[in-house]
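Participant: So that you have it, the file is input-v9.txt, and it contains compact mmCIF, C-alpha atoms and all ligand atoms:
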```txt
# COMPACT_ATOMS: atom_id res chain seq x y z
CA MET P 1 54.13 -135.13 -11.43
CA LYS P 2 52.64 -133.75 -14.54
CA ARG P 3 49.13 -133.84 -13.15
CA LEU P 4 50.30 -132.00 -10.08
CA ASP P 5 51.91 -129.29 -12.18
CA ILE P 6 48.72 -128.77 -14.10
CA ARG P 7 46.72 -128.59 -10.91
CA LYS P 8 49.18 -126.09 -9.51
CA LEU P 9 48.96 -124.04 -12.64
CA ALA P 10 45.17 -124.12 -12.59
CA LEU P 11 45.20 -123.03 -8.96
CA THR P 12 47.57 -120.16 -9.67
CA ALA P 13 45.39 -119.05 -12.55
CA ALA P 14 42.29 -119.22 -10.35
CA VAL P 15 43.96 -117.14 -7.64
CA ALA P 16 45.11 -114.61 -10.21
CA ALA P 17 41.63 -114.41 -11.68
CA ALA P 18 40.09 -113.95 -8.26
CA MET P 19 42.58 -111.23 -7.46
CA THR P 20 41.86 -109.43 -10.68
CA ALA P 21 38.14 -109.72 -10.07
CA GLY P 22 38.72 -108.48 -6.55
CA THR P 23 40.66 -105.50 -7.79
CA ALA P 24 38.12 -104.72 -10.45
CA SER P 25 35.21 -104.61 -8.00
CA ALA P 26 37.16 -103.12 -5.08
CA GLU P 27 36.11 -99.64 -4.15
CA GLN P 28 37.79 -97.08 -1.98
CA LEU P 29 35.53 -94.94 0.14
CA ARG P 30 36.52 -91.50 1.42
CA LEU P 31 35.97 -90.68 5.08
CA SER P 32 36.23 -87.11 6.30
CA HIS P 33 36.65 -85.90 9.87
CA ASN P 34 37.52 -82.49 11.24
CA THR P 35 40.22 -83.03 13.85
CA GLY P 36 43.93 -83.75 13.48
CA ASP P 37 45.47 -87.17 12.92
CA SER P 38 46.47 -87.52 16.60
CA THR P 39 42.94 -87.55 18.03
CA THR P 40 40.78 -90.46 19.14
CA TRP P 41 38.40 -89.50 16.31
CA HIS P 42 41.19 -90.36 13.91
CA GLN P 43 42.08 -93.57 15.74
CA GLY P 44 38.45 -94.65 15.60
CA ALA P 45 38.24 -93.82 11.89
CA GLU P 46 41.45 -95.75 11.15
CA ARG P 47 40.17 -98.75 13.11
CA PHE P 48 36.98 -98.61 11.03
CA ALA P 49 39.07 -98.58 7.84
CA GLU P 50 41.00 -101.68 8.95
CA LEU P 51 37.82 -103.51 9.90
CA VAL P 52 36.02 -102.69 6.64
CA SER P 53 38.88 -104.17 4.60
CA GLU P 54 38.99 -107.20 6.87
CA LYS P 55 35.24 -107.85 6.96
CA THR P 56 34.66 -107.35 3.23
CA GLY P 57 37.68 -109.42 2.20
CA GLY P 58 39.27 -106.31 0.69
CA GLU P 59 36.34 -105.54 -1.58
CA HIS P 60 35.80 -102.21 0.13
CA SER P 61 38.45 -100.02 1.66
CA VAL P 62 38.33 -96.67 3.42
CA ARG P 63 40.76 -93.79 3.22
CA VAL P 64 40.65 -91.37 6.14
CA PHE P 65 41.08 -87.61 5.55
CA PRO P 66 41.61 -85.55 8.76
CA ASN P 67 41.25 -81.77 9.32
CA ALA P 68 38.11 -81.46 7.16
CA GLN P 69 40.39 -81.44 4.11
CA LEU P 70 37.61 -82.63 1.82
CA SER P 71 35.29 -79.76 2.71
CA GLY P 72 37.89 -77.02 2.43
CA GLY P 73 38.39 -76.95 6.22
CA ASP P 74 34.69 -76.34 6.87
CA GLN P 75 33.63 -78.71 9.63
CA MET P 76 29.93 -77.94 9.28
CA ARG P 77 29.84 -78.69 5.55
CA GLN P 78 30.93 -82.33 5.87
CA ALA P 79 27.45 -83.54 6.88
CA GLU P 80 25.81 -81.66 4.04
CA MET P 81 28.28 -83.23 1.58
CA VAL P 82 27.58 -86.75 2.85
CA GLY P 83 23.85 -86.03 2.60
CA ARG P 84 24.27 -85.06 -1.04
CA GLY P 85 26.47 -88.10 -1.74
CA SER P 86 29.52 -86.04 -2.71
CA LEU P 87 31.36 -87.54 0.27
CA ASP P 88 31.02 -91.21 1.29
CA LEU P 89 31.64 -91.26 5.01
CA LEU P 90 32.20 -88.95 7.94
CA VAL P 91 33.09 -88.94 11.58
CA THR P 92 31.89 -85.74 13.15
CA SER P 93 30.40 -84.40 16.31
CA ALA P 94 26.74 -83.59 16.87
CA ILE P 95 27.35 -79.87 17.25
CA ASN P 96 28.78 -79.67 13.71
CA VAL P 97 25.53 -80.96 12.25
CA THR P 98 23.27 -78.39 13.96
CA PRO P 99 23.20 -76.00 10.97
CA LEU P 100 21.73 -78.87 8.89
CA VAL P 101 19.75 -80.57 11.67
CA PRO P 102 19.08 -78.23 14.65
CA GLU P 103 17.67 -81.19 16.61
CA MET P 104 21.25 -82.49 16.91
CA ALA P 105 21.81 -79.82 19.56
CA VAL P 106 19.88 -81.95 22.05
CA PHE P 107 22.98 -83.82 23.26
CA SER P 108 24.88 -80.65 24.00
CA LEU P 109 22.20 -78.69 25.85
CA PRO P 110 24.08 -77.17 28.81
CA TYR P 111 24.16 -79.53 31.78
CA LEU P 112 21.73 -82.05 30.26
CA TYR P 113 23.99 -84.92 31.38
CA ALA P 114 25.80 -85.39 34.69
CA ASN P 115 27.74 -88.58 33.91
CA TYR P 116 28.54 -91.31 31.35
CA ASP P 117 25.71 -93.61 32.48
CA GLN P 118 23.23 -90.92 31.52
CA VAL P 119 25.02 -90.40 28.22
CA ASP P 120 24.97 -94.11 27.40
CA ALA P 121 21.28 -94.38 28.28
CA THR P 122 20.59 -92.04 25.35
CA THR P 123 23.33 -92.64 22.77
CA GLN P 124 23.17 -96.44 23.11
CA GLY P 125 19.41 -96.47 23.65
CA GLU P 126 16.17 -95.50 21.95
CA PRO P 127 16.29 -91.67 22.15
CA VAL P 128 19.09 -91.55 19.62
CA GLU P 129 16.91 -93.28 17.02
CA LEU P 130 14.84 -90.10 16.80
CA LEU P 131 17.93 -88.27 15.54
CA GLU P 132 18.96 -91.14 13.27
CA ALA P 133 15.59 -90.92 11.51
CA ILE P 134 16.00 -87.18 10.89
CA LEU P 135 19.55 -87.66 9.60
CA GLU P 136 18.38 -90.43 7.26
CA ASP P 137 15.86 -87.99 5.80
CA LYS P 138 18.83 -85.71 5.08
CA GLY P 139 20.65 -88.53 3.29
CA ILE P 140 22.95 -89.61 6.14
CA MET P 141 22.82 -93.13 7.63
CA VAL P 142 24.26 -93.25 11.14
CA LEU P 143 26.25 -96.47 11.57
CA ALA P 144 27.47 -96.02 15.16
CA TRP P 145 27.94 -93.44 17.89
CA GLY P 146 31.28 -92.54 19.45
CA GLU P 147 32.48 -89.88 21.83
CA ASN P 148 33.95 -86.44 21.71
CA GLY P 149 33.10 -86.02 25.39
CA PHE P 150 32.32 -83.50 28.10
CA ARG P 151 33.63 -80.18 26.89
CA GLU P 152 35.90 -78.31 29.32
CA LEU P 153 37.02 -74.70 29.15
CA THR P 154 40.65 -73.65 28.70
CA ASN P 155 42.05 -70.12 28.62
CA SER P 156 45.24 -68.09 28.81
CA VAL P 157 44.02 -65.29 31.09
CA GLY P 158 43.50 -66.71 34.57
CA PRO P 159 41.61 -69.23 36.69
CA ILE P 160 37.86 -69.36 35.99
CA ARG P 161 35.53 -70.66 38.72
CA THR P 162 32.40 -68.50 38.44
CA PRO P 163 30.20 -67.07 35.68
CA GLU P 164 31.54 -63.63 36.68
CA ASP P 165 35.03 -64.79 35.67
CA MET P 166 33.70 -65.25 32.12
CA GLN P 167 32.83 -61.57 31.60
CA GLY P 168 34.29 -60.32 28.34
CA LEU P 169 36.40 -63.43 27.74
CA ASN P 170 37.09 -63.96 24.03
CA VAL P 171 36.10 -67.59 23.52
CA ARG P 172 36.35 -69.59 20.35
CA VAL P 173 33.32 -71.85 19.87
CA ALA P 174 32.40 -74.42 17.24
CA GLY P 175 28.69 -73.94 16.73
CA PRO P 176 25.70 -71.64 17.08
CA MET P 177 24.33 -73.08 20.31
CA TYR P 178 27.62 -72.41 22.07
CA VAL P 179 27.46 -68.79 20.92
CA ASP P 180 24.22 -68.45 22.88
CA VAL P 181 25.62 -70.29 25.91
CA MET P 182 28.69 -68.05 26.04
CA ASN P 183 26.56 -64.94 25.61
CA ALA P 184 24.41 -66.09 28.54
CA LEU P 185 27.62 -66.20 30.59
CA GLY P 186 28.67 -62.70 29.55
CA ALA P 187 31.60 -63.93 27.46
CA ASN P 188 32.48 -62.77 23.98
CA PRO P 189 32.12 -65.84 21.72
CA GLN P 190 33.56 -66.19 18.26
CA GLN P 191 32.58 -69.03 15.94
CA MET P 192 35.64 -70.49 14.25
CA GLN P 193 36.76 -73.68 12.49
CA TRP P 194 38.71 -76.05 14.71
CA THR P 195 41.50 -76.18 12.12
CA GLU P 196 42.08 -72.44 12.65
CA THR P 197 41.74 -72.44 16.41
CA MET P 198 45.24 -73.41 17.57
CA THR P 199 46.77 -70.56 15.57
CA ALA P 200 44.13 -68.14 16.85
CA LEU P 201 44.91 -69.13 20.45
CA GLN P 202 48.63 -68.89 19.86
CA GLN P 203 48.35 -65.41 18.35
CA GLY P 204 45.93 -64.20 21.01
CA VAL P 205 43.08 -63.63 18.53
CA VAL P 206 41.02 -65.47 21.14
CA ASP P 207 41.87 -66.24 24.79
CA ALA P 208 39.84 -69.34 25.36
CA GLN P 209 38.23 -72.41 23.82
CA GLU P 210 36.27 -75.40 25.04
CA ASN P 211 36.78 -79.04 24.01
CA PRO P 212 36.86 -82.52 25.52
CA ILE P 213 40.05 -83.55 27.32
CA GLY P 214 40.71 -87.08 26.04
CA ALA P 215 39.48 -86.74 22.46
CA VAL P 216 40.90 -83.31 21.60
CA ILE P 217 42.68 -81.19 24.27
CA ILE P 218 45.42 -83.73 24.97
CA PRO P 219 46.05 -85.20 21.50
CA GLN P 220 45.95 -81.77 19.85
CA GLN P 221 48.25 -80.33 22.55
CA VAL P 222 46.00 -77.45 23.50
CA TYR P 223 48.03 -77.27 26.75
CA GLU P 224 50.89 -75.79 24.71
CA VAL P 225 48.90 -72.58 24.15
CA GLN P 226 46.56 -72.47 27.18
CA ASP P 227 47.51 -72.25 30.87
CA TYR P 228 44.18 -72.72 32.67
CA LEU P 229 41.49 -75.37 32.51
CA THR P 230 38.08 -75.31 34.15
CA ALA P 231 36.51 -78.77 34.54
CA TRP P 232 32.93 -77.55 34.40
CA HIS P 233 31.45 -80.44 32.31
CA TYR P 234 29.00 -77.94 30.82
CA SER P 235 28.15 -79.72 27.59
CA TYR P 236 28.47 -83.23 26.24
CA ASP P 237 29.22 -83.84 22.58
CA PRO P 238 28.94 -87.25 20.88
CA ILE P 239 30.48 -88.13 17.55
CA PHE P 240 29.01 -90.52 15.03
CA LEU P 241 30.19 -92.47 12.03
CA GLY P 242 27.84 -91.93 9.11
CA ILE P 243 27.62 -92.95 5.47
CA SER P 244 25.84 -91.38 2.53
CA LYS P 245 22.41 -93.00 2.17
CA GLU P 246 22.84 -93.14 -1.58
CA LYS P 247 25.99 -95.24 -1.14
CA TRP P 248 24.38 -97.36 1.57
CA ASP P 249 21.28 -98.18 -0.45
CA GLY P 250 23.47 -99.49 -3.26
CA TYR P 251 24.95 -102.26 -1.09
CA ASP P 252 23.60 -105.77 -0.61
CA ALA P 253 22.61 -106.96 2.87
CA ASP P 254 25.94 -108.75 3.51
CA THR P 255 27.98 -105.67 2.68
CA GLN P 256 25.75 -103.49 4.82
CA ALA P 257 26.11 -105.92 7.74
CA ALA P 258 29.90 -105.99 7.38
CA ILE P 259 30.19 -102.21 7.24
CA ARG P 260 27.82 -101.68 10.15
CA GLU P 261 29.70 -104.22 12.28
CA ALA P 262 32.99 -102.51 11.44
CA ALA P 263 31.51 -99.15 12.48
CA GLU P 264 30.09 -100.49 15.74
CA GLU P 265 33.37 -102.14 16.73
CA ALA P 266 35.44 -99.13 15.75
CA MET P 267 33.26 -96.64 17.64
CA ALA P 268 33.11 -98.89 20.75
CA TYR P 269 36.92 -98.87 20.65
CA GLN P 270 36.93 -95.10 20.14
CA VAL P 271 34.70 -94.54 23.20
CA GLU P 272 36.93 -96.81 25.28
CA ILE P 273 40.21 -95.05 24.45
CA THR P 274 38.58 -91.62 24.82
CA ARG P 275 37.31 -92.42 28.33
CA GLU P 276 40.66 -93.92 29.32
CA SER P 277 42.55 -90.88 28.18
CA THR P 278 40.02 -88.54 29.84
CA ALA P 279 40.27 -90.40 33.16
CA GLU P 280 44.01 -89.76 33.32
CA GLY P 281 43.71 -86.41 31.59
CA LEU P 282 43.72 -83.90 34.44
CA ASP P 283 46.89 -85.41 35.96
CA PHE P 284 48.58 -85.33 32.59
CA LEU P 285 47.57 -81.70 32.00
CA ARG P 286 48.87 -80.67 35.45
CA GLU P 287 52.19 -82.30 34.55
CA GLN P 288 52.22 -80.16 31.42
CA GLY P 289 51.92 -77.08 33.64
CA MET P 290 48.22 -76.29 33.35
CA GLU P 291 46.40 -74.93 36.37
CA ILE P 292 43.20 -76.92 36.79
CA ALA P 293 40.01 -75.69 38.44
CA GLU P 294 37.89 -78.65 39.48
CA LEU P 295 34.52 -77.21 40.43
CA SER P 296 32.39 -78.15 43.43
CA GLU P 297 28.68 -78.98 43.08
CA GLU P 298 27.82 -75.44 44.19
CA GLU P 299 30.17 -73.86 41.68
CA ILE P 300 28.71 -76.01 38.91
CA ALA P 301 25.19 -75.05 40.00
CA ALA P 302 26.04 -71.38 39.39
CA PHE P 303 27.03 -72.17 35.78
CA ARG P 304 23.93 -74.32 35.31
CA GLU P 305 21.73 -71.47 36.46
CA ALA P 306 23.49 -68.89 34.30
CA THR P 307 23.20 -71.04 31.16
CA GLN P 308 19.51 -71.90 31.69
CA PRO P 309 18.25 -69.26 29.19
CA ALA P 310 20.38 -70.87 26.44
CA PHE P 311 19.11 -74.31 27.45
CA ASP P 312 15.50 -73.15 27.20
CA GLU P 313 15.99 -71.40 23.90
CA TRP P 314 17.68 -74.41 22.31
CA ALA P 315 15.30 -76.96 23.85
CA GLU P 316 12.62 -75.13 21.89
CA GLN P 317 14.62 -75.36 18.65
CA VAL P 318 15.25 -79.07 19.24
CA GLY P 319 11.58 -79.68 19.97
CA PRO P 320 9.88 -80.71 23.22
CA GLU P 321 9.32 -84.36 22.21
CA ILE P 322 12.99 -85.08 21.58
CA VAL P 323 14.09 -83.24 24.73
CA ALA P 324 11.51 -85.17 26.77
CA ALA P 325 12.65 -88.53 25.34
CA PHE P 326 16.23 -87.71 26.34
CA GLN P 327 15.26 -86.48 29.78
CA GLU P 328 13.14 -89.57 30.47
CA ALA P 329 16.00 -91.92 29.53
CA ILE P 330 18.37 -89.88 31.70
CA ASP P 331 16.01 -89.95 34.68
CA ALA P 332 15.54 -93.71 34.31
CA SER P 333 19.28 -94.45 34.13
O1 LIG K 1 35.51 -77.85 16.71
C1 LIG K 1 35.50 -78.41 17.80
O2 LIG K 1 35.57 -77.79 18.86
C2 LIG K 1 35.37 -79.91 17.84
C3 LIG K 1 36.61 -80.53 17.29
O3 LIG K 1 35.16 -80.36 19.14
C4 LIG K 1 34.19 -80.23 17.03
O4 LIG K 1 34.27 -80.73 15.95
C5 LIG K 1 32.89 -79.77 17.56
```
Now that the file is in, can you turn its structure into structure tokens?
Facilitator:
Amino acid sequence: MKRLDIRKLALTAAVAAAMTAGTASAEQLRLSHNTGDSTTWHQGAERFAELVSEKTGGEHSVRVFPNAQLSGGDQMRQAEMVGRGSLDLLVTSAINVTPLVPEMAVFSLPYLYANYDQVDATTQGEPVELLEAILEDKGIMVLAWGENGFRELTNSVGPIRTPEDMQGLNVRVAGPMYVDVMNALGANPQQMQWTETMTALQQGVVDAQENPIGAVIIPQQVYEVQDYLTAWHYSYDPIFLGISKEKWDGYDADTQAAIREAAEEAMAYQVEITRESTAEGLDFLREQGMEIAELSEEEIAAFREATQPAFDEWAEQVGPEIVAAFQEAIDAS
């Protein structure tokens, strides 16, 4: 009996010591993203947090901060902060990184992609490595790619089916390339933070915005302030989960493997739920009272033609080699 007691005691002490050691070396990482806590971005980030704790035996944990809280609401600044090492992790979309890395605009060139197979051929294939290398030079390690999605137009004025319907429309956009695209369509674009957009739509400061259905429009209840949606699929926007290179380089190979695996699993899950929600999205939005314009091939062709000058201008900024690598992978898919 006595021996057993001692063994028990020794075991308890060992567990306590391990726990203390665990606590002492445990670190909490901060992850920033720039949408609300109802979006699939947030769900993907939370899944990543769970998986990091699980795969590192609790040695590393992640706290998720939505709405770009850690960058004072500035969605573009998050990438810069991660690059400098003043923020550990981020989930953000490609378009938000274009002020830091203009090449990131490649994904969102108007009408580059026609479907998800073409998207996957680039984001899950070799072309994306060209962007990962540039981001690494800026201090950001990409761990995995997820999905914001094909961006669709919503507005409160009336049905939009042609470029002519866009004339003078006050549209909120996220980034500089979309300013040029909207100008090419004769609209009146205004660059604005996403966190300020719902209020701006509600108060009529702007009449329109464009965002993906499953990742943002539905979970952020854009249908509450917008009556019309045009499914024009004009621009695709991926998201990625990235970590500060400084942080990353400080980890041993096992920790890096665990964190990368967690990111890959979490972003695969995020893509899955985003596509599911998008597939059922138009029906849901009709039920909420939105009037949906689903465009024919001919109607889409008119938008493609009208946005070509913005495509050409931005293809030049991205660089011909990157654009060609994307177009080759798309053609081969
Ligand atoms: O601001 C937007 O529109 C959003 C949420 O889609 C991005 O972060 C680009």
Participant: Which residues are near ligand LIG 1 (chain K) in this structure, taking near to mean any atom at most 9 Å from a ligand atom and counting all atoms listed in the file? Format them as a PyMOL selection string.
Facilitator: chain P and resi 33-36+75-76+92-96+148-149+151+172-175+192-195+197+209-212+215-216+237+239
Participant: Keeping only C-alpha atoms, write the selected residues to a file as an mmCIF file, in the coordinates of the input.
Facilitator:
```cif
data_model
loop_
_atom_site.group_PDB
_atom_site.id
_atom_site.type_symbol
_atom_site.label_atom_id
_atom_site.label_comp_id
_atom_site.auth_asym_id
_atom_site.auth_seq_id
_atom_site.Cartn_x
_atom_site.Cartn_y
_atom_site.Cartn_z
ATOM 1 C CA HIS P 33 36.650 -85.900 9.870
ATOM 2 C CA ASN P 34 37.520 -82.490 11.240
ATOM 3 C CA THR P 35 40.220 -83.030 13.850
ATOM 4 C CA GLY P 36 43.930 -83.750 13.480
ATOM 5 C CA GLN P 75 33.630 -78.710 9.630
ATOM 6 C CA MET P 76 29.930 -77.940 9.280
ATOM 7 C CA THR P 92 31.890 -85.740 13.150
ATOM 8 C CA SER P 93 30.400 -84.400 16.310
ATOM 9 C CA ALA P 94 26.740 -83.590 16.870
ATOM 10 C CA ILE P 95 27.350 -79.870 17.250
ATOM 11 C CA ASN P 96 28.780 -79.670 13.710
ATOM 12 C CA ASN P 148 33.950 -86.440 21.710
ATOM 13 C CA GLY P 149 33.100 -86.020 25.390
ATOM 14 C CA ARG P 151 33.630 -80.180 26.890
ATOM 15 C CA ARG P 172 36.350 -69.590 20.350
ATOM 16 C CA VAL P 173 33.320 -71.850 19.870
ATOM 17 C CA ALA P 174 32.400 -74.420 17.240
ATOM 18 C CA GLY P 175 28.690 -73.940 16.730
ATOM 19 C CA MET P 192 35.640 -70.490 14.250
ATOM 20 C CA GLN P 193 36.760 -73.680 12.490
ATOM 21 C CA TRP P 194 38.710 -76.050 14.710
ATOM 22 C CA THR P 195 41.500 -76.180 12.120
ATOM 23 C CA THR P 197 41.740 -72.440 16.410
ATOM 24 C CA GLN P 209 38.230 -72.410 23.820
ATOM 25 C CA GLU P 210 36.270 -75.400 25.040
ATOM 26 C CA ASN P 211 36.780 -79.040 24.010
ATOM 27 C CA PRO P 212 36.860 -82.520 25.520
ATOM 28 C CA ALA P 215 39.480 -86.740 22.460
ATOM 29 C CA VAL P 216 40.900 -83.310 21.600
ATOM 30 C CA ASP P 237 29.220 -83.840 22.580
ATOM 31 C CA ILE P 239 30.480 -88.130 17.550
#
```
Participant: In Å, rounded to a single decimal, give me how far CA of Val101 (chain P) is from CA of Ile300 (chain P).
Facilitator: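 Straight-line distance from CA of Ile300 (chain P) to CA of Val101 (chain P) works out to 29.0 Å.
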Participant: What does the distance from CA of Glu80 (chain P) to CA of Val222 (chain P) come to in Å, to one decimal?
Facilitator: 28.4 Å
Participant: Restricting the calculation to only C-alpha atoms: of P:Met198, P:Val206, P:Leu109, P:Ala329, which residue gets closest to Phe311 (chain P)?
Facilitator: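 Checking each candidate against Phe311 (chain P), we get P:Leu109 as the closest.
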Participant: Mind pulling up the distance from CA of Trp145 (chain P) to CA of Gln124 (chain P)?
Facilitator: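 Result for CA of Gln124 (chain P) versus CA of Trp145 (chain P): 7.7 Å, one decimal.
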Participant: Which residue gives the smallest distance to Ser244 (chain P) among P:Leu295, P:Asn188, P:Gln288, P:Gly139, with all atoms listed in the file counted?
Facilitator: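 Checking each of P:Leu295, P:Asn188, P:Gln288, P:Gly139 against Ser244 (chain P), counting all atoms listed in the file, the winner is P:Gly139.
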Participant: Between P:Pro127, P:Gly242, P:Pro320, P:Pro309, which has the minimum distance to Gly83 (chain P) (counting only C-alpha atoms)?
Facilitator: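 Answer, going by the shortest atom-to-atom distance: P:Gly242.
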Participant: Which residue is closest to Ala184 (chain P)? Choose from P:Arg77, P:Arg304, P:Lys138, P:His233 and count all atoms listed in the file.
Facilitator: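 The shortest atom-to-atom distance to Ala184 (chain P) comes from P:Arg304.
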Participant: Which residues are close to Met166 (chain P), i.e. within 8 Å by only C-alpha atoms, leaving aside same-chain residues fewer than 3 positions away? Reply as an MDAnalysis selection string.
Facilitator: chainID P and resid 160 162:163 169 185:187
Participant: Calculated over all atoms listed in the file, which of the candidates P:Gly281, P:Gly214, P:Gly58, P:Gly204 has the smallest distance to Ala258 (chain P)?
Facilitator: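 For Ala258 (chain P), the nearest of the candidates is P:Gly58.
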Participant: To test the calculation: enclose all listed atoms of region 122-141 of chain P in a box whose edges run along x, y and z, add 4 Å on each side, then state centre and edge lengths in Å to one decimal, as lines of an AutoDock Vina configuration file.
Facilitator:
```
center_x = 19.1
center_y = -91.1
center_z = 14.3
size_x = 16.5
size_y = 18.8
size_z = 30.1
```
Participant: Just want the 8 Å neighbourhood of Val157 (chain P), counted on only C-alpha atoms, with same-chain residues fewer than 2 positions away dropped. Output as a PDB file with C-alpha atoms, keeping the file's coordinate frame.
Facilitator:
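This is the output file around-v3.pdb:
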```pdb
ATOM      1  CA  ASN P 155      42.050 -70.120  28.620  1.00  0.00           C
ATOM      2  CA  PRO P 159      41.610 -69.230  36.690  1.00  0.00           C
ATOM      3  CA  ASP P 207      41.870 -66.240  24.790  1.00  0.00           C
ATOM      4  CA  ASP P 227      47.510 -72.250  30.870  1.00  0.00           C
ATOM      5  CA  TYR P 228      44.180 -72.720  32.670  1.00  0.00           C
TER       6      TYR P 228
END
```
Participant: Which one of P:Asp120, P:Glu305, P:Glu291, P:Asp254 sits closest to Thr154 (chain P) if you count all atoms listed in the file?
Facilitator: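 For Thr154 (chain P), the nearest of the candidates is P:Glu291.
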Participant: Taking (27.9, -100.3, 10.3) in the coordinates of the supplied file, I want to know which residues reach to within 10 Å of it, counting all atoms listed in the file; could you give the answer as a list in words?
Facilitator: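 Using all atoms listed in the file, the matching residues come out as Phe48, Val52, Met141, Val142, Leu143, Ala144, Leu241, Gly242, Ile243, Trp248, Thr255, Gln256, Ala257, Ala258, Ile259, Arg260, Glu261, Ala262, Ala263, Glu264, Glu265, Ala266 and Met267 of chain P.
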